[in-house]
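Student: My structure is in protein.cif, and what it holds is mmCIF, C-alpha atoms; chains and numbers go by the auth columns:
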data_start
loop_
_atom_site.group_PDB
_atom_site.id
_atom_site.type_symbol
_atom_site.label_atom_id
_atom_site.label_comp_id
_atom_site.label_asym_id
_atom_site.label_seq_id
_atom_site.Cartn_x
_atom_site.Cartn_y
_atom_site.Cartn_z
_atom_site.B_iso_or_equiv
_atom_site.auth_seq_id
_atom_site.auth_asym_id
ATOM 1 C CA MET A 1 10.523 96.977 6.329 0.00 183 A
ATOM 2 C CA ILE A 2 11.904 98.739 3.245 0.00 184 A
ATOM 3 C CA PHE A 3 12.657 101.896 5.226 0.00 185 A
ATOM 4 C CA GLY A 4 14.009 100.125 8.304 0.00 186 A
ATOM 5 C CA GLU A 5 10.781 100.295 10.311 0.00 187 A
ATOM 6 C CA ALA A 6 7.207 99.046 10.135 0.00 188 A
ATOM 7 C CA ILE A 7 4.983 101.840 8.809 0.00 189 A
ATOM 8 C CA TRP A 8 1.270 101.186 9.263 0.00 190 A
ATOM 9 C CA ASP A 9 -0.024 104.547 7.987 0.00 191 A
ATOM 10 C CA PRO A 10 -0.190 104.474 4.145 0.00 192 A
ATOM 11 C CA VAL A 11 0.035 108.280 3.936 0.00 193 A
ATOM 12 C CA VAL A 12 3.303 108.273 5.885 0.00 194 A
ATOM 13 C CA LEU A 13 4.569 105.430 3.726 0.00 195 A
ATOM 14 C CA LEU A 14 3.819 107.328 0.527 0.00 196 A
ATOM 15 C CA GLY A 15 5.684 110.331 1.896 0.00 197 A
ATOM 16 C CA ARG A 16 8.865 108.261 1.930 0.00 198 A
ATOM 17 C CA PHE A 17 8.871 107.850 -1.856 0.00 199 A
ATOM 18 C CA ASN A 18 11.011 110.311 -3.789 0.00 200 A
ATOM 19 C CA GLN A 19 9.264 109.806 -7.141 0.00 201 A
ATOM 20 C CA PRO A 20 6.497 112.442 -7.466 0.00 202 A
ATOM 21 C CA VAL A 21 4.637 110.526 -10.189 0.00 203 A
ATOM 22 C CA VAL A 22 4.499 107.326 -8.134 0.00 204 A
ATOM 23 C CA ALA A 23 3.394 109.242 -5.042 0.00 205 A
ATOM 24 C CA LEU A 24 0.684 111.107 -6.995 0.00 206 A
ATOM 25 C CA ILE A 25 -0.762 107.934 -8.524 0.00 207 A
ATOM 26 C CA ALA A 26 -0.705 106.166 -5.135 0.00 208 A
ATOM 27 C CA LEU A 27 -2.379 109.123 -3.388 0.00 209 A
ATOM 28 C CA VAL A 28 -5.153 109.276 -6.003 0.00 210 A
ATOM 29 C CA ALA A 29 -5.711 105.527 -5.613 0.00 211 A
ATOM 30 C CA LEU A 30 -5.771 105.922 -1.822 0.00 212 A
ATOM 31 C CA LEU A 31 -8.279 108.775 -2.119 0.00 213 A
ATOM 32 C CA VAL A 32 -10.616 106.787 -4.353 0.00 214 A
ATOM 33 C CA ALA A 33 -10.372 103.704 -2.129 0.00 215 A
ATOM 34 C CA THR A 34 -11.088 105.761 0.992 0.00 216 A
ATOM 35 C CA LEU A 35 -14.126 107.436 -0.579 0.00 217 A
ATOM 36 C CA ASN A 36 -15.529 104.153 -1.898 0.00 218 A
ATOM 37 C CA THR A 37 -15.060 102.397 1.427 0.00 219 A
ATOM 38 C CA ASN A 38 -16.543 105.183 3.517 0.00 220 A
ATOM 39 C CA VAL A 39 -19.516 105.850 1.263 0.00 221 A
ATOM 40 C CA ALA A 40 -20.432 102.163 1.057 0.00 222 A
ATOM 41 C CA ALA A 41 -19.742 101.157 4.660 0.00 223 A
ATOM 42 C CA ASN A 42 -20.236 104.329 6.694 0.00 224 A
ATOM 43 C CA VAL A 43 -22.899 106.326 4.843 0.00 225 A
ATOM 44 C CA VAL A 44 -25.201 103.999 2.907 0.00 226 A
ATOM 45 C CA SER A 45 -25.706 101.477 5.689 0.00 227 A
ATOM 46 C CA PRO A 46 -26.582 103.875 8.553 0.00 228 A
ATOM 47 C CA SER A 47 -28.663 106.007 6.182 0.00 229 A
ATOM 48 C CA ASN A 48 -30.771 102.948 5.384 0.00 230 A
ATOM 49 C CA ASP A 49 -30.904 101.818 9.011 0.00 231 A
ATOM 50 C CA SER A 50 -32.111 105.104 10.488 0.00 232 A
ATOM 51 C CA PRO A 51 -35.630 104.887 8.946 0.00 233 A
ATOM 52 C CA ASN A 52 -36.316 102.079 11.401 0.00 234 A
ATOM 53 C CA LEU A 53 -36.114 104.690 14.143 0.00 235 A
ATOM 54 C CA LEU A 54 -37.451 107.777 12.378 0.00 236 A
ATOM 55 C CA ALA A 55 -39.234 106.483 9.328 0.00 237 A
ATOM 56 C CA GLU A 56 -41.387 109.532 8.590 0.00 238 A
ATOM 57 C CA SER A 57 -39.162 112.384 9.683 0.00 239 A
ATOM 58 C CA HIS A 58 -36.079 111.691 7.551 0.00 240 A
ATOM 59 C CA PHE A 59 -35.456 111.352 3.925 0.00 241 A
ATOM 60 C CA LEU A 60 -32.347 109.870 2.312 0.00 242 A
ATOM 61 C CA PRO A 61 -30.261 112.980 1.414 0.00 243 A
ATOM 62 C CA TYR A 62 -30.845 114.501 4.862 0.00 244 A
ATOM 63 C CA ARG A 63 -29.987 111.229 6.594 0.00 245 A
ATOM 64 C CA GLY A 64 -26.651 111.158 4.792 0.00 246 A
ATOM 65 C CA LEU A 65 -25.901 114.696 5.950 0.00 247 A
ATOM 66 C CA ASP A 66 -26.902 113.854 9.516 0.00 248 A
ATOM 67 C CA HIS A 67 -24.482 110.928 9.607 0.00 249 A
ATOM 68 C CA ARG A 68 -21.725 113.091 8.167 0.00 250 A
ATOM 69 C CA ARG A 69 -22.228 115.620 10.958 0.00 251 A
ATOM 70 C CA GLY A 70 -22.178 112.813 13.512 0.00 252 A
ATOM 71 C CA GLY A 71 -18.917 111.536 12.069 0.00 253 A
ATOM 72 C CA HIS A 72 -17.324 114.949 12.603 0.00 254 A
ATOM 73 C CA LEU A 73 -18.620 115.244 16.155 0.00 255 A
ATOM 74 C CA ASP A 74 -17.244 111.910 17.373 0.00 256 A
ATOM 75 C CA ASP A 75 -13.642 112.904 16.453 0.00 257 A
ATOM 76 C CA ALA A 76 -12.898 109.457 15.027 0.00 258 A
ATOM 77 C CA TRP A 77 -9.527 110.629 13.638 0.00 259 A
ATOM 78 C CA ARG A 78 -8.176 110.709 17.184 0.00 260 A
ATOM 79 C CA LEU A 79 -8.049 106.924 17.037 0.00 261 A
ATOM 80 C CA LEU A 80 -5.300 107.168 14.418 0.00 262 A
ATOM 81 C CA ARG A 81 -2.896 109.021 16.687 0.00 263 A
ATOM 82 C CA ASP A 82 -1.770 105.725 18.178 0.00 264 A
ATOM 83 C CA PHE A 83 -2.149 102.432 16.354 0.00 265 A
ATOM 84 C CA SER A 84 -2.248 100.447 19.609 0.00 266 A
ATOM 85 C CA SER A 85 -5.265 102.373 20.900 0.00 267 A
ATOM 86 C CA TYR A 86 -6.954 101.869 17.535 0.00 268 A
ATOM 87 C CA ILE A 87 -6.316 98.129 17.333 0.00 269 A
ATOM 88 C CA PHE A 88 -6.535 97.092 20.991 0.00 270 A
ATOM 89 C CA GLY A 89 -8.998 99.760 22.045 0.00 271 A
ATOM 90 C CA TRP A 90 -11.416 100.479 19.233 0.00 272 A
ATOM 91 C CA LEU A 91 -11.313 97.286 17.157 0.00 273 A
ATOM 92 C CA VAL A 92 -11.217 94.878 20.099 0.00 274 A
ATOM 93 C CA GLY A 93 -13.920 96.946 21.812 0.00 275 A
ATOM 94 C CA CYS A 94 -16.138 96.619 18.742 0.00 276 A
ATOM 95 C CA SER A 95 -15.524 92.892 18.673 0.00 277 A
ATOM 96 C CA ALA A 96 -16.910 92.691 22.223 0.00 278 A
ATOM 97 C CA LEU A 97 -20.248 93.763 20.722 0.00 279 A
ATOM 98 C CA LEU A 98 -20.071 92.017 17.348 0.00 280 A
ATOM 99 C CA GLY A 99 -19.045 88.634 18.770 0.00 281 A
ATOM 100 C CA PRO A 100 -22.167 88.241 20.933 0.00 282 A
ATOM 101 C CA ILE A 101 -24.397 89.371 18.054 0.00 283 A
ATOM 102 C CA ALA A 102 -22.835 86.760 15.765 0.00 284 A
ATOM 103 C CA GLY A 103 -23.198 84.081 18.435 0.00 285 A
ATOM 104 C CA ILE A 104 -26.893 84.802 18.925 0.00 286 A
ATOM 105 C CA MET A 105 -27.659 84.933 15.200 0.00 287 A
ATOM 106 C CA ILE A 106 -25.792 81.734 14.359 0.00 288 A
ATOM 107 C CA CYS A 107 -27.237 79.874 17.343 0.00 289 A
ATOM 108 C CA ASP A 108 -30.759 81.024 16.484 0.00 290 A
ATOM 109 C CA TYR A 109 -30.495 80.060 12.821 0.00 291 A
ATOM 110 C CA TYR A 110 -28.674 76.746 13.086 0.00 292 A
ATOM 111 C CA LEU A 111 -29.593 75.352 16.507 0.00 293 A
ATOM 112 C CA VAL A 112 -32.972 76.864 17.353 0.00 294 A
ATOM 113 C CA ARG A 113 -34.661 77.117 13.942 0.00 295 A
ATOM 114 C CA HIS A 114 -32.602 74.418 12.221 0.00 296 A
ATOM 115 C CA ARG A 115 -31.962 76.624 9.168 0.00 297 A
ATOM 116 C CA GLU A 116 -35.679 77.169 8.497 0.00 298 A
ATOM 117 C CA LEU A 117 -37.030 80.704 8.164 0.00 299 A
ATOM 118 C CA ILE A 118 -40.486 82.034 7.365 0.00 300 A
ATOM 119 C CA VAL A 119 -39.335 84.836 5.104 0.00 301 A
ATOM 120 C CA GLU A 120 -42.639 86.708 4.919 0.00 302 A
ATOM 121 C CA ASP A 121 -42.872 86.793 8.722 0.00 303 A
ATOM 122 C CA LEU A 122 -39.645 88.783 8.853 0.00 304 A
ATOM 123 C CA TYR A 123 -41.729 91.731 7.622 0.00 305 A
ATOM 124 C CA ARG A 124 -45.038 90.996 9.362 0.00 306 A
ATOM 125 C CA ARG A 125 -46.225 92.138 12.782 0.00 307 A
ATOM 126 C CA GLY A 126 -47.624 89.317 14.848 0.00 308 A
ATOM 127 C CA GLY A 127 -45.639 86.716 12.901 0.00 309 A
ATOM 128 C CA ALA A 128 -43.231 84.069 14.045 0.00 310 A
ATOM 129 C CA TYR A 129 -40.576 86.602 15.004 0.00 311 A
ATOM 130 C CA GLU A 130 -42.735 89.095 16.879 0.00 312 A
ATOM 131 C CA HIS A 131 -41.654 87.782 20.297 0.00 313 A
ATOM 132 C CA HIS A 132 -42.719 90.409 22.873 0.00 314 A
ATOM 133 C CA ASN A 133 -43.913 93.500 21.000 0.00 315 A
ATOM 134 C CA GLY A 134 -40.990 93.177 18.623 0.00 316 A
ATOM 135 C CA PHE A 135 -38.290 92.549 21.255 0.00 317 A
ATOM 136 C CA ASN A 136 -36.566 89.226 21.785 0.00 318 A
ATOM 137 C CA TYR A 137 -35.706 89.440 25.480 0.00 319 A
ATOM 138 C CA HIS A 138 -33.732 86.203 25.389 0.00 320 A
ATOM 139 C CA ALA A 139 -31.440 87.699 22.756 0.00 321 A
ATOM 140 C CA LEU A 140 -31.090 90.976 24.684 0.00 322 A
ATOM 141 C CA VAL A 141 -30.178 89.171 27.898 0.00 323 A
ATOM 142 C CA ALA A 142 -27.673 86.963 26.071 0.00 324 A
ATOM 143 C CA LEU A 143 -26.192 90.022 24.334 0.00 325 A
ATOM 144 C CA ALA A 144 -25.740 91.892 27.612 0.00 326 A
ATOM 145 C CA ALA A 145 -24.154 88.837 29.233 0.00 327 A
ATOM 146 C CA GLY A 146 -21.696 88.294 26.378 0.00 328 A
ATOM 147 C CA VAL A 147 -20.613 91.935 26.283 0.00 329 A
ATOM 148 C CA GLY A 148 -20.390 92.111 30.076 0.00 330 A
ATOM 149 C CA VAL A 149 -18.182 89.052 30.396 0.00 331 A
ATOM 150 C CA ALA A 150 -15.832 90.315 27.692 0.00 332 A
ATOM 151 C CA LEU A 151 -15.557 93.751 29.315 0.00 333 A
ATOM 152 C CA ILE A 152 -14.665 92.248 32.703 0.00 334 A
ATOM 153 C CA GLY A 153 -11.163 91.892 31.305 0.00 335 A
ATOM 154 C CA LEU A 154 -10.807 95.677 31.289 0.00 336 A
ATOM 155 C CA GLU A 155 -11.418 95.933 35.022 0.00 337 A
ATOM 156 C CA VAL A 156 -9.760 92.756 36.282 0.00 338 A
ATOM 157 C CA PRO A 157 -6.105 92.488 35.184 0.00 339 A
ATOM 158 C CA ALA A 158 -5.974 88.769 35.905 0.00 340 A
ATOM 159 C CA LEU A 159 -8.821 88.249 33.439 0.00 341 A
ATOM 160 C CA ARG A 160 -7.435 90.500 30.723 0.00 342 A
ATOM 161 C CA TRP A 161 -7.621 87.598 28.287 0.00 343 A
ATOM 162 C CA LEU A 162 -11.418 87.906 28.321 0.00 344 A
ATOM 163 C CA TYR A 163 -11.071 91.290 26.633 0.00 345 A
ATOM 164 C CA ASP A 164 -8.146 90.353 24.407 0.00 346 A
ATOM 165 C CA TYR A 165 -10.287 87.576 22.937 0.00 347 A
ATOM 166 C CA ALA A 166 -13.532 89.537 23.235 0.00 348 A
ATOM 167 C CA TRP A 167 -15.057 88.324 19.971 0.00 349 A
ATOM 168 C CA PHE A 168 -14.627 84.634 20.811 0.00 350 A
ATOM 169 C CA VAL A 169 -15.620 85.090 24.461 0.00 351 A
ATOM 170 C CA GLY A 170 -18.733 87.078 23.586 0.00 352 A
ATOM 171 C CA PHE A 171 -19.639 84.657 20.809 0.00 353 A
ATOM 172 C CA SER A 172 -19.417 81.647 23.122 0.00 354 A
ATOM 173 C CA VAL A 173 -21.161 83.204 26.124 0.00 355 A
ATOM 174 C CA SER A 174 -24.026 84.811 24.220 0.00 356 A
ATOM 175 C CA GLY A 175 -24.596 81.861 21.911 0.00 357 A
ATOM 176 C CA SER A 176 -24.644 79.369 24.774 0.00 358 A
ATOM 177 C CA LEU A 177 -26.900 81.484 26.978 0.00 359 A
ATOM 178 C CA TYR A 178 -29.308 82.185 24.127 0.00 360 A
ATOM 179 C CA LEU A 179 -29.578 78.476 23.388 0.00 361 A
ATOM 180 C CA LEU A 180 -30.152 77.736 27.072 0.00 362 A
ATOM 181 C CA LEU A 181 -32.876 80.376 27.392 0.00 363 A
ATOM 182 C CA ASP A 182 -34.672 79.295 24.238 0.00 364 A
ATOM 183 C CA ALA A 183 -34.412 75.623 25.177 0.00 365 A
ATOM 184 C CA ASN A 184 -36.408 76.428 28.316 0.00 366 A
ATOM 185 C CA SER A 185 -38.998 78.432 26.393 0.00 367 A
ATOM 186 C CA GLU A 186 -41.294 75.688 25.151 0.00 368 A
ATOM 187 C CA GLY A 187 -44.195 78.066 24.579 0.00 369 A
ATOM 188 C CA TRP A 188 -42.239 80.172 22.101 0.00 370 A
ATOM 189 C CA LEU A 189 -40.834 77.148 20.262 0.00 371 A
ATOM 190 C CA LYS A 190 -44.279 75.560 20.046 0.00 372 A
ATOM 191 C CA ARG A 191 -45.725 78.797 18.670 0.00 373 A
ATOM 192 C CA TYR A 192 -42.958 79.036 16.090 0.00 374 A
ATOM 193 C CA SER A 193 -43.476 75.416 15.018 0.00 375 A
ATOM 194 C CA THR A 194 -47.224 75.992 14.649 0.00 376 A
ATOM 195 C CA LEU A 195 -46.733 79.084 12.506 0.00 377 A
ATOM 196 C CA ARG A 196 -44.075 77.328 10.417 0.00 378 A
ATOM 197 C CA THR A 197 -46.422 74.402 9.767 0.00 379 A
ATOM 198 C CA ARG A 198 -49.252 76.749 8.883 0.00 380 A
ATOM 199 C CA ARG A 199 -47.094 78.688 6.401 0.00 381 A
ATOM 200 C CA SER A 200 -45.726 75.532 4.742 0.00 382 A
ATOM 201 C CA SER A 201 -49.206 74.073 4.265 0.00 383 A
ATOM 202 C CA ARG A 202 -50.315 77.029 2.138 0.00 384 A
#
Turn the structure described in the file into structure tokens.

Tutor:
Amino acid sequence: MIFGEAIWDPVVLLGRFNQPVVALIALVALLVATLNTNVAANVVSPSNDSPNLLAESHFLPYRGLDHRRGGHLDDAWRLLRDFSSYIFGWLVGCSALLGPIAGIMICDYYLVRHRELIVEDLYRRGGAYEHHNGFNYHALVALAAGVGVALIGLEVPALRWLYDYAWFVGFSVSGSLYLLLDANSEGWLKRYSTLRTRRSSR
């Protein structure tokens, strides 16, 4: 509140300083921080993830360029025109997806598998985590339910709190449903226990 108002945009904030040297140093630091953050979080990760979809048709430099083009096409800078749409629209919307994913993963690791993993089977077809041709339908159903319940708040004003707390709602709904579905799947749990015993006996 140095300038009498809350300024959330660092570029606008730097423009209020009258010392050119201070502004220059701050802008260089902001540039370096932005590049480091975007390269690490928004280029490296998707470039390494895309081979799972197109393993033989892409190679790393081209994947990076493809993601850069996609970033230009989605006009992400429009989110910065209004901080409320960025925070309550984009960030809360993302949390409606990330919350259910976290709920499923934590429930699966702590409550279903009791913190025991067969590491080599994470990379093996037909292993303990194959499920149905590589798809865990229980997790997909729980994910859809968690996201759907959170998004109801966008359509029903009386239930707006479901969307405002989308991460916690999605986490709770998806985690609980996933546990319920897996608890009623004795065949899968028995198969996992058999494989786990077989691996540990080696």

Student: Please enumerate the residues selected by the PyMOL selection byres ((chain A and resi 349-365) around 6) when evaluated against the supplied file, formatted as a list in words.

Tutor: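 Checking the PyMOL selection byres ((chain A and resi 349-365) around 6) against this file, the residues are Ser277, Ala278, Gly281, Pro282, Gly285, Ile286, Cys289, Ala324, Leu325, Gly328, Val329, Ala332, Tyr347, Ala348, Asn366 and Ser367 of chain A.
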
Student: With all atoms listed in the file as the basis for distance, which of A:Val214, A:Ala222, A:Trp190, A:Met287 is at the shortest distance from Ser266 (chain A)?

Tutor: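 The shortest atom-to-atom distance to Ser266 (chain A) comes from A:Trp190.
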
Student: Rank A:Ile288, A:Ala326, A:Ala310, A:Val274 by their smallest atom-to-atom distance to Trp343 (chain A), using all atoms listed in the file, and report the top residue only.

Tutor: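 Nearest to Trp343 (chain A): A:Val274.
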
Student: Interatomic distance between CA of Gly309 (chain A) and CA of Val323 (chain A)?

Tutor: 21.7 Å

Student: At what distance in Å, to one decimal, does CA of Glu337 (chain A) lie from CA of Ala321 (chain A)?

Tutor: 24.9 Å

Student: What does the structure give for the distance between CA of Cys276 (chain A) and CA of Ile189 (chain A), in Å to one decimal?

Tutor: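 It comes out at 23.9 Å.
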
Student: Leaving out Leu336 (chain A) and any residue of its chain fewer than 6 positions from it, which residues lie within 10 Å of it when counting only C-alpha atoms, given as a count of residues only?

Tutor: 5

Student: Using only C-alpha atoms, can you list as a list in words the residues within 6 Å of (-45.9, 94.4, 13.9)?

Tutor: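 Residues close enough to count: Arg306, Arg307 and Gly308 of chain A.
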
Student: Counting only C-alpha atoms, which of A:Ala223, A:Leu212, A:Leu299, A:Leu206 gets nearest to Asp191 (chain A)?

Tutor: A:Leu212

Student: So what does the PyMOL selection byres ((chain A and resi 208) around 12) actually pick up in this one, as a VMD selection string?

Tutor: chain A and resid 192 to 197 199 201 to 207 209 to 215
